[in-house]
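Engineer: Data file protein.tsv (TSV, C-alpha atoms) is appended below.
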```
chain	number	residue	atom	x	y	z
A	17	MET	CA	93.02	117.58	83.68
A	18	ARG	CA	92.50	120.42	86.17
A	19	THR	CA	89.93	122.00	83.84
A	20	LEU	CA	88.20	118.63	83.35
A	21	LEU	CA	87.91	118.08	87.09
A	22	LYS	CA	86.41	121.55	87.53
A	23	ILE	CA	83.84	120.76	84.82
A	24	LEU	CA	82.97	117.44	86.49
A	25	ILE	CA	82.60	119.13	89.88
A	26	GLY	CA	80.30	121.74	88.35
A	27	VAL	CA	78.18	119.11	86.59
A	28	PHE	CA	77.70	117.04	89.72
A	29	CYS	CA	77.00	120.06	91.93
A	30	VAL	CA	74.20	121.02	89.52
A	31	ALA	CA	72.94	117.44	89.44
A	32	GLY	CA	73.07	117.24	93.22
A	33	SER	CA	71.08	120.47	93.66
A	34	LEU	CA	68.33	119.01	91.51
A	35	LEU	CA	68.31	115.56	93.10
A	36	LEU	CA	68.63	116.51	96.76
A	37	ASN	CA	65.82	118.37	98.45
A	38	GLN	CA	66.85	118.04	102.09
A	39	PRO	CA	68.18	121.11	103.95
A	40	LEU	CA	71.90	121.75	104.00
A	41	ALA	CA	73.42	121.30	107.44
A	42	HIS	CA	75.25	124.24	108.98
A	43	THR	CA	78.93	123.90	108.15
A	44	GLU	CA	80.19	126.68	110.41
A	45	ASN	CA	80.08	126.21	114.17
A	46	LYS	CA	79.62	129.90	114.94
A	47	ALA	CA	77.18	129.25	117.77
A	48	ALA	CA	78.06	125.64	118.54
A	49	GLN	CA	78.04	124.26	122.06
A	50	TYR	CA	80.98	122.11	123.13
A	51	ARG	CA	81.75	119.61	125.85
A	52	LEU	CA	85.28	119.46	127.20
A	53	LEU	CA	86.64	115.90	127.48
A	54	TYR	CA	90.16	116.62	128.76
A	55	THR	CA	93.03	119.06	128.39
A	56	LEU	CA	96.50	118.19	127.13
A	57	ARG	CA	99.59	120.07	128.35
A	58	ILE	CA	103.02	119.95	126.77
A	59	ASP	CA	105.88	121.61	128.65
A	60	ASN	CA	108.06	122.82	125.80
A	61	SER	CA	111.50	122.13	127.25
A	62	LYS	CA	113.85	119.16	127.18
A	63	ASN	CA	112.43	116.43	129.45
A	64	GLY	CA	109.26	118.49	129.90
A	65	ALA	CA	106.05	116.66	130.70
A	66	VAL	CA	103.30	115.64	128.31
A	67	ALA	CA	100.31	115.55	130.66
A	68	VAL	CA	96.54	115.23	130.62
A	69	GLN	CA	93.88	116.64	132.93
A	70	ASN	CA	90.52	114.90	132.71
A	71	VAL	CA	87.34	116.96	132.95
A	72	GLY	CA	86.31	117.49	136.57
A	73	SER	CA	89.80	116.76	137.90
A	74	GLU	CA	92.48	119.13	139.15
A	75	LEU	CA	95.23	116.53	138.76
A	76	TRP	CA	97.62	116.29	135.81
A	77	GLU	CA	98.65	112.79	134.75
A	78	THR	CA	102.01	112.57	132.99
A	79	ILE	CA	101.72	110.36	129.89
A	80	GLY	CA	104.97	111.22	128.10
A	81	GLN	CA	108.06	113.39	127.96
A	82	VAL	CA	109.50	115.97	125.58
A	83	VAL	CA	112.67	114.77	123.85
A	84	SER	CA	113.35	118.10	122.15
A	85	PRO	CA	111.29	121.33	122.23
A	86	VAL	CA	109.91	123.33	119.33
A	87	ARG	CA	111.92	126.49	118.63
A	88	GLY	CA	110.33	127.87	115.45
A	89	VAL	CA	107.53	127.51	112.94
A	90	ASN	CA	107.09	125.98	109.52
A	91	LEU	CA	106.13	128.74	107.10
A	92	ARG	CA	105.20	126.19	104.45
A	93	GLY	CA	102.81	123.82	106.17
A	94	PHE	CA	100.75	121.33	104.19
A	95	SER	CA	98.48	123.22	101.79
A	96	ALA	CA	95.20	122.44	103.58
A	97	SER	CA	96.56	124.03	106.77
A	98	ARG	CA	95.60	127.42	105.29
A	99	TRP	CA	91.99	126.60	106.22
A	100	ALA	CA	92.81	125.94	109.88
A	101	LYS	CA	91.84	128.71	112.27
A	102	PRO	CA	94.77	130.31	114.13
A	103	GLY	CA	95.30	128.66	117.47
A	104	THR	CA	93.69	125.32	116.66
A	105	VAL	CA	94.71	121.74	115.89
A	106	ALA	CA	95.25	121.86	112.13
A	107	ALA	CA	95.77	118.10	111.85
A	108	SER	CA	95.40	115.13	114.17
A	109	ALA	CA	96.99	111.88	113.04
A	110	VAL	CA	98.45	108.67	114.41
A	111	ASN	CA	101.96	109.88	113.56
A	112	ALA	CA	101.78	113.67	114.04
A	113	ILE	CA	99.77	116.60	115.38
A	114	HIS	CA	100.04	119.95	113.61
A	115	ILE	CA	99.09	123.23	115.27
A	116	GLY	CA	97.74	125.92	112.95
A	117	LEU	CA	98.90	129.50	113.46
A	118	GLY	CA	97.15	131.10	110.49
A	119	ALA	CA	97.45	131.39	106.72
A	120	HIS	CA	100.74	132.48	105.20
A	121	ALA	CA	100.55	136.09	103.98
A	122	ARG	CA	101.90	135.31	100.51
A	123	GLU	CA	101.50	131.56	99.95
A	124	ALA	CA	98.48	129.29	99.72
A	125	ARG	CA	99.63	127.43	102.82
A	126	GLY	CA	99.35	127.68	106.56
A	127	VAL	CA	101.97	128.44	109.19
A	128	VAL	CA	102.28	125.51	111.62
A	129	PHE	CA	104.38	123.81	114.21
A	130	SER	CA	104.17	120.10	114.94
A	131	ILE	CA	104.13	117.53	117.71
A	132	ILE	CA	105.70	114.28	116.53
A	133	PRO	CA	106.63	110.92	118.08
A	134	GLU	CA	110.33	110.18	118.44
A	135	ASP	CA	109.88	106.81	116.72
A	136	GLU	CA	108.46	108.45	113.61
A	137	LEU	CA	111.30	110.97	113.49
A	138	LYS	CA	113.87	108.18	113.59
A	139	GLN	CA	112.06	106.16	110.92
A	140	THR	CA	111.75	109.04	108.47
A	141	GLN	CA	115.21	110.44	109.32
A	142	ALA	CA	113.54	113.84	109.65
A	143	THR	CA	112.81	114.06	105.91
A	144	ALA	CA	109.09	114.59	106.43
A	145	PHE	CA	109.38	117.04	109.31
A	146	ASN	CA	110.85	120.42	110.09
A	147	ARG	CA	112.81	119.56	113.23
A	148	LEU	CA	113.11	123.18	114.39
A	149	ALA	CA	109.32	123.54	114.14
A	150	SER	CA	108.55	120.29	115.99
A	151	VAL	CA	108.07	119.18	119.57
A	152	VAL	CA	109.49	115.66	119.63
A	153	VAL	CA	107.98	113.43	122.34
A	154	ASN	CA	108.62	109.88	123.52
A	155	ILE	CA	105.06	108.69	122.85
A	156	HIS	CA	104.71	105.90	120.30
A	157	PRO	CA	102.76	106.48	117.07
A	158	GLY	CA	99.20	105.21	117.24
A	159	THR	CA	98.96	105.62	121.03
A	160	LYS	CA	97.81	108.22	123.56
A	161	ILE	CA	97.81	111.66	121.89
A	162	PHE	CA	98.64	110.17	118.48
A	163	GLY	CA	95.33	108.55	117.60
A	164	GLY	CA	94.94	106.82	120.94
A	165	HIS	CA	92.82	107.51	124.01
A	166	TYR	CA	93.97	111.14	124.30
A	167	ALA	CA	93.94	112.18	120.64
A	168	PRO	CA	92.70	115.72	119.90
A	169	PHE	CA	90.05	116.51	117.30
A	170	ALA	CA	90.79	118.62	114.24
A	171	GLY	CA	89.86	122.19	115.19
A	172	ASN	CA	90.40	121.87	118.95
A	173	PRO	CA	91.57	125.17	120.49
A	174	VAL	CA	95.23	125.64	121.44
A	175	ARG	CA	96.56	128.04	124.09
A	176	ILE	CA	100.17	128.90	124.86
A	177	LEU	CA	101.27	130.07	128.30
A	178	ARG	CA	104.53	132.00	128.44
A	179	ASP	CA	105.86	133.31	131.75
A	180	GLN	CA	102.39	132.81	133.24
A	181	VAL	CA	100.79	134.94	130.51
A	182	LEU	CA	98.67	133.65	127.63
A	183	VAL	CA	100.20	134.73	124.32
A	184	THR	CA	98.36	135.27	121.05
A	185	VAL	CA	98.51	132.21	118.83
A	186	ASP	CA	98.78	133.47	115.25
A	187	ALA	CA	101.13	133.49	112.28
A	188	THR	CA	103.52	135.87	114.07
A	189	LEU	CA	104.10	133.49	116.97
A	190	GLU	CA	107.59	132.10	117.57
A	191	PRO	CA	107.42	129.23	120.08
A	192	ARG	CA	110.03	129.44	122.82
A	193	ASN	CA	111.73	127.07	125.21
A	194	GLY	CA	109.73	127.01	128.43
A	195	ASP	CA	106.33	127.66	126.80
A	196	GLN	CA	103.41	125.52	127.96
A	197	ILE	CA	101.14	124.34	125.16
A	198	PHE	CA	97.53	123.52	126.11
A	199	ILE	CA	95.05	121.73	123.86
A	200	ASP	CA	91.42	121.66	125.00
A	201	VAL	CA	90.05	118.42	123.61
A	202	ARG	CA	86.33	119.00	123.16
A	203	ILE	CA	83.43	117.78	121.04
A	204	PRO	CA	80.39	119.64	119.70
A	205	ASP	CA	77.09	119.12	121.48
A	206	PRO	CA	75.02	117.52	120.05
A	207	PHE	CA	77.39	114.90	118.67
A	208	PRO	CA	76.35	112.83	115.62
A	209	GLU	CA	75.55	109.13	115.50
A	210	TRP	CA	76.92	108.67	111.99
A	211	ILE	CA	77.85	110.25	108.67
A	212	SER	CA	77.17	108.27	105.50
A	213	PHE	CA	78.44	108.65	101.94
A	214	GLN	CA	76.68	107.17	98.92
A	215	ASN	CA	79.76	105.98	97.08
A	216	LYS	CA	78.79	107.07	93.57
A	217	PHE	CA	78.84	110.18	91.39
A	218	GLY	CA	76.31	112.61	92.87
A	219	GLY	CA	75.93	110.40	95.96
A	220	VAL	CA	74.30	111.94	99.02
A	221	ILE	CA	76.31	112.71	102.17
A	222	LYS	CA	74.16	112.67	105.31
A	223	VAL	CA	74.67	113.19	109.04
A	224	LYS	CA	72.37	111.78	111.74
A	225	PHE	CA	72.11	113.38	115.20
A	226	PRO	CA	70.64	111.51	118.18
A	227	GLU	CA	67.66	113.80	118.75
A	228	ALA	CA	66.80	114.16	115.06
A	229	SER	CA	64.11	111.98	113.49
A	230	THR	CA	65.85	112.02	110.09
A	231	ALA	CA	69.35	112.51	108.75
A	232	ILE	CA	70.42	115.85	107.26
A	233	THR	CA	72.03	116.19	103.85
A	234	ILE	CA	75.35	118.03	104.11
A	235	GLY	CA	76.97	117.50	100.71
A	236	GLN	CA	77.47	115.20	97.80
A	237	VAL	CA	80.08	112.87	96.36
A	238	LEU	CA	81.69	114.37	93.27
A	239	ARG	CA	83.86	111.32	92.67
A	240	PRO	CA	83.57	107.99	94.51
A	241	ALA	CA	86.37	106.10	96.21
A	242	VAL	CA	87.03	103.01	94.12
A	243	GLY	CA	90.54	101.91	95.11
A	244	VAL	CA	92.83	101.47	98.10
A	245	GLY	CA	96.22	103.16	98.20
A	246	ARG	CA	99.40	103.28	100.25
A	247	PHE	CA	99.07	106.11	102.75
A	248	LYS	CA	101.88	106.65	105.23
A	249	GLY	CA	100.76	106.17	108.80
A	250	THR	CA	98.14	103.49	108.19
A	251	GLU	CA	100.63	101.04	109.69
A	252	TYR	CA	99.92	102.68	113.08
A	253	SER	CA	96.14	102.29	113.01
A	254	SER	CA	93.80	99.45	112.13
A	255	ARG	CA	91.18	98.36	109.64
A	256	GLY	CA	88.07	100.53	109.61
A	257	ARG	CA	89.63	103.28	111.73
A	258	ILE	CA	90.35	106.92	110.99
A	259	ARG	CA	94.09	107.47	110.59
A	260	ALA	CA	94.17	111.26	110.19
A	261	VAL	CA	91.94	114.30	109.92
A	262	HIS	CA	92.70	117.85	108.82
A	263	PRO	CA	90.85	120.67	106.99
A	264	GLY	CA	91.35	118.87	103.68
A	265	VAL	CA	91.28	115.14	104.44
A	266	ILE	CA	89.72	112.20	106.25
A	267	ASP	CA	92.16	109.31	105.97
A	268	VAL	CA	90.56	105.87	106.46
A	269	ASP	CA	92.51	102.67	107.14
A	270	CYS	CA	91.89	99.42	105.23
A	271	SER	CA	94.81	97.51	106.78
A	272	TRP	CA	95.52	95.82	110.08
A	273	LEU	CA	97.97	97.30	112.56
A	274	GLY	CA	101.46	97.09	111.04
A	275	ASP	CA	100.19	96.93	107.45
A	276	ILE	CA	99.66	99.74	104.94
A	277	GLY	CA	96.49	100.52	102.99
A	278	GLY	CA	93.61	102.98	102.96
A	279	PHE	CA	91.71	105.67	101.11
A	280	GLN	CA	91.03	109.37	101.60
A	281	ILE	CA	88.00	111.66	101.54
A	282	ILE	CA	88.91	115.17	100.37
A	283	PRO	CA	86.98	118.39	99.55
A	284	ALA	CA	86.87	119.59	95.96
A	285	GLU	CA	88.99	122.67	96.56
A	286	HIS	CA	91.80	120.63	98.09
A	287	ALA	CA	91.66	118.29	95.09
A	288	MET	CA	92.88	121.27	93.05
A	289	ASP	CA	96.04	121.81	95.13
A	290	PRO	CA	99.35	120.96	93.41
A	291	GLU	CA	100.32	118.45	96.11
A	292	MET	CA	97.12	116.48	95.38
A	293	VAL	CA	97.94	115.88	91.71
A	294	ARG	CA	97.45	112.10	92.08
A	295	ALA	CA	93.94	112.63	93.41
A	296	LYS	CA	92.96	113.95	89.99
A	297	THR	CA	93.78	110.72	88.18
A	298	MET	CA	93.78	107.87	90.72
A	299	SER	CA	90.89	106.06	92.37
A	300	GLN	CA	91.97	106.07	96.04
A	301	TRP	CA	90.40	109.46	96.76
A	302	MET	CA	86.73	110.31	97.27
A	303	VAL	CA	86.12	113.93	96.28
A	304	VAL	CA	83.22	115.65	98.05
A	305	GLY	CA	81.50	118.99	97.65
A	306	PRO	CA	78.50	121.07	98.73
A	307	VAL	CA	74.95	120.22	97.74
A	308	LYS	CA	74.44	123.31	95.60
A	309	LEU	CA	76.69	124.85	93.01
A	310	GLY	CA	78.16	128.06	94.40
A	311	ASP	CA	77.81	127.07	98.07
A	312	THR	CA	80.89	127.21	100.28
A	313	ASP	CA	83.34	124.39	99.61
A	314	LEU	CA	83.58	121.83	102.40
A	315	ALA	CA	87.30	122.40	103.05
A	316	GLY	CA	87.88	123.33	106.67
A	317	GLN	CA	84.16	123.10	107.44
A	318	ALA	CA	82.21	121.05	109.98
A	319	PRO	CA	81.22	118.31	110.31
A	320	LEU	CA	83.63	116.58	107.91
A	321	PHE	CA	86.77	118.68	108.16
A	322	LEU	CA	86.38	120.55	111.46
A	323	ASP	CA	85.45	119.78	115.09
A	324	TYR	CA	83.82	116.36	114.78
A	325	LEU	CA	86.48	113.82	113.77
A	326	ALA	CA	89.71	112.45	115.18
A	327	PRO	CA	91.86	109.31	114.89
A	328	ARG	CA	90.84	107.36	117.98
A	329	TYR	CA	91.96	103.77	118.32
A	330	ASP	CA	94.63	102.12	120.43
A	331	GLN	CA	95.58	98.45	120.36
A	332	SER	CA	95.85	98.58	124.16
A	333	ASP	CA	92.06	99.05	124.32
A	334	LEU	CA	91.81	95.30	123.87
A	335	GLN	CA	93.77	94.73	127.09
A	336	PHE	CA	91.10	96.30	129.33
A	337	LYS	CA	88.56	94.08	131.06
A	338	ASN	CA	85.79	96.27	129.65
A	339	TRP	CA	87.32	96.39	126.18
A	340	PRO	CA	84.07	95.82	124.23
A	341	TYR	CA	82.66	98.97	125.84
A	342	ARG	CA	85.83	101.02	125.71
A	343	LEU	CA	85.66	100.70	121.94
A	344	LEU	CA	82.43	102.71	122.06
A	345	GLU	CA	84.56	105.85	122.13
A	346	ARG	CA	86.28	104.94	118.86
A	347	PHE	CA	85.19	105.94	115.37
A	348	GLN	CA	84.41	102.97	113.14
A	349	VAL	CA	84.18	103.09	109.34
A	350	VAL	CA	82.15	100.38	107.59
A	351	GLY	CA	80.37	99.95	104.28
A	352	ARG	CA	77.53	98.32	102.40
A	353	GLN	CA	78.17	96.27	99.30
A	354	ASN	CA	76.15	96.01	96.12
A	355	ASN	CA	75.63	92.27	96.53
A	356	ASP	CA	74.28	92.64	100.10
A	357	PRO	CA	73.08	96.23	100.67
A	358	ASP	CA	71.03	95.35	103.76
A	359	HIS	CA	74.03	94.33	105.85
A	360	VAL	CA	77.02	96.23	107.17
A	361	ALA	CA	80.35	95.07	105.75
A	362	MET	CA	83.85	95.57	107.07
A	363	LEU	CA	86.20	97.50	104.83
A	364	PRO	CA	88.40	95.31	102.63
A	365	GLU	CA	91.48	93.87	104.32
A	366	LYS	CA	94.51	95.12	102.37
A	367	ASN	CA	98.27	95.46	102.74
A	368	TYR	CA	100.31	97.28	100.10
A	369	PRO	CA	103.92	97.71	101.30
A	370	LEU	CA	105.68	100.89	100.20
A	371	ASP	CA	108.61	99.00	98.68
A	372	LEU	CA	106.46	96.99	96.25
A	373	PRO	CA	104.57	98.15	93.14
A	374	LEU	CA	100.89	98.85	93.70
A	375	PRO	CA	98.99	95.90	92.17
A	376	LYS	CA	96.31	96.49	89.56
A	377	GLU	CA	93.53	95.19	91.81
A	378	ALA	CA	94.21	98.03	94.29
A	379	LEU	CA	92.54	100.41	91.85
A	380	THR	CA	89.16	98.69	92.31
A	381	ASP	CA	89.22	97.38	95.92
A	382	LEU	CA	86.19	99.53	96.87
A	383	ASN	CA	84.35	99.15	93.58
A	384	ASP	CA	81.49	97.12	95.05
A	385	TYR	CA	81.01	99.35	98.13
A	386	ASN	CA	77.91	101.41	97.35
A	387	GLU	CA	77.92	103.17	100.74
A	388	LEU	CA	80.53	104.11	103.35
A	389	THR	CA	79.57	105.13	106.90
A	390	ILE	CA	81.51	106.67	109.79
A	391	TYR	CA	79.97	105.62	113.11
A	392	PHE	CA	80.71	108.07	115.92
A	393	PRO	CA	81.84	107.42	119.51
A	394	ILE	CA	79.31	107.55	122.33
A	395	PHE	CA	80.08	109.95	125.19
A	396	ASN	CA	77.93	110.70	128.21
A	397	ARG	CA	77.05	114.15	129.47
A	398	SER	CA	80.10	114.44	131.76
A	399	GLY	CA	82.41	113.99	128.80
A	400	THR	CA	83.60	110.50	129.59
A	401	VAL	CA	82.82	107.42	127.56
A	402	VAL	CA	79.49	105.71	128.14
A	403	VAL	CA	80.19	102.24	129.52
A	404	ALA	CA	77.43	99.68	129.18
A	405	GLY	CA	79.08	97.23	131.54
A	406	GLY	CA	82.39	96.04	132.92
A	407	GLU	CA	84.39	98.08	135.40
```
Spit out the file's structure as structure tokens when you get a sec.
Structural biologist:
Amino acid sequence: MRTLLKILIGVFCVAGSLLLNQPLAHTENKAAQYRLLYTLRIDNSKNGAVAVQNVGSELWETIGQVVSPVRGVNLRGFSASRWAKPGTVAASAVNAIHIGLGAHAREARGVVFSIIPEDELKQTQATAFNRLASVVVNIHPGTKIFGGHYAPFAGNPVRILRDQVLVTVDATLEPRNGDQIFIDVRIPDPFPEWISFQNKFGGVIKVKFPEASTAITIGQVLRPAVGVGRFKGTEYSSRGRIRAVHPGVIDVDCSWLGDIGGFQIIPAEHAMDPEMVRAKTMSQWMVVGPVKLGDTDLAGQAPLFLDYLAPRYDQSDLQFKNWPYRLLERFQVVGRQNNDPDHVAMLPEKNYPLDLPLPKEALTDLNDYNELTIYFPIFNRSGTVVVAGGE
């Protein structure tokens, strides 16, 4: 099956290079400009503060508290963490944040430590997390730094202050009690309006920037997303929202808050990893690759798997008087269907509990979606959300 998938990827890369004649977007942000939105600070000690400093302010607002500090690292992080740059957010999700320290010297994995919500730790009974390598905080999943208003973007830089001195963040780092962890939450400038995926074999992937007259082709679909699966964490986000982003995945929610269901977009190289064995045979994964055969794989590359995306949605947004406008700073994923290609359609509404067998229809829930689009948040030049009205 591994050999077959490689052959398919090669065939569709060749086909894509013949069919697509638009320029390939830059996938490495070597000279990118960024805008700082806010900075997160985690005081790595018991009862330490989780605080945020908004751009232009000198004040730190406490938004949570450390339940237990991180005291080590996980030498066997998730496989895609090997593509995360040392000293960056390797993964941002509604139920965890992973900090990348660099690739393991001998294994095809990254070295990481994690920031996790206390509620998630209790629910999983620590089976999914390395407790020694985790900062446990009293912030609920799906809120604030975990996919809420203060969520970081995959690839955001991380600094660690120890005894008033910045220490090098790499695979040799051992976090200590009393460290201060800073995450600069920033976005590239310019920031896209949308990224679209033609949901078919050889489908075009395009990104549209505000100042550009046309969209730019950045890759192609090697295998479309046809089904909806049961991905842990979708119960903390909502339909049409991004649940998680890391160098090897964009996880999209097809369920309402409290329910489970979604699909994933993954790069071809990650599809080959042993932990992604189901992605080779099941329909809940869209596999994407570069436009031309031999070009750099998209794993860990902008704009799909670095810098541009984050889980950003909080149910409390709806409680604000200006809630319709506050939602402008949230990513929204929608589609177009074969029977009505001229109109935007919401993603299918699904709920597939973990304790029940996956029904047969789940394998084809997205079968009639010929296009999927990620619409980006709108930020103004100062780094705060553009508000069209309200307060």
Engineer: With distances taken over all atoms listed in the file, which residue among A:Phe321, A:Phe198, A:Phe347, A:Phe247 lies nearest Ala170 (chain A)?
Structural biologist: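 Closest to Ala170 (chain A) of all the choices is A:Phe321.
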Engineer: With only C-alpha atoms as the atoms that count, which of A:Ala378, A:Val127, A:Leu91, A:Leu238 lies nearest to Phe217 (chain A)?
Structural biologist: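 Ranking A:Ala378, A:Val127, A:Leu91, A:Leu238 by distance to Phe217 (chain A), first place goes to A:Leu238.
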Engineer: So which residues touch Val82 (chain A) within 8 Å, counting all atoms listed in the file, skipping near sequence neighbours fewer than 4 positions away, as a ChimeraX atom specification?
Structural biologist: /A:58-66,151-154
Engineer: Rounded to one decimal, what separation in Å do you get between CA of Ile115 (chain A) and CA of Gly163 (chain A)?
Structural biologist: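 Going from CA of Ile115 (chain A) over to CA of Gly163 (chain A) covers 15.3 Å.
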Engineer: Would you please work out which residue, of A:Ser254, A:Thr297, A:Thr188, A:Ser212, is nearest to Pro102 (chain A) when using all atoms listed in the file?
Structural biologist: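 Nearest to Pro102 (chain A): A:Thr188.
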Engineer: Quick one: residues within 12 Å of Ala119 (chain A), only C-alpha atoms counted, chain neighbours fewer than 5 positions away excluded, as a ChimeraX atom specification?
Structural biologist: /A:90-103,106,124-128,186-188
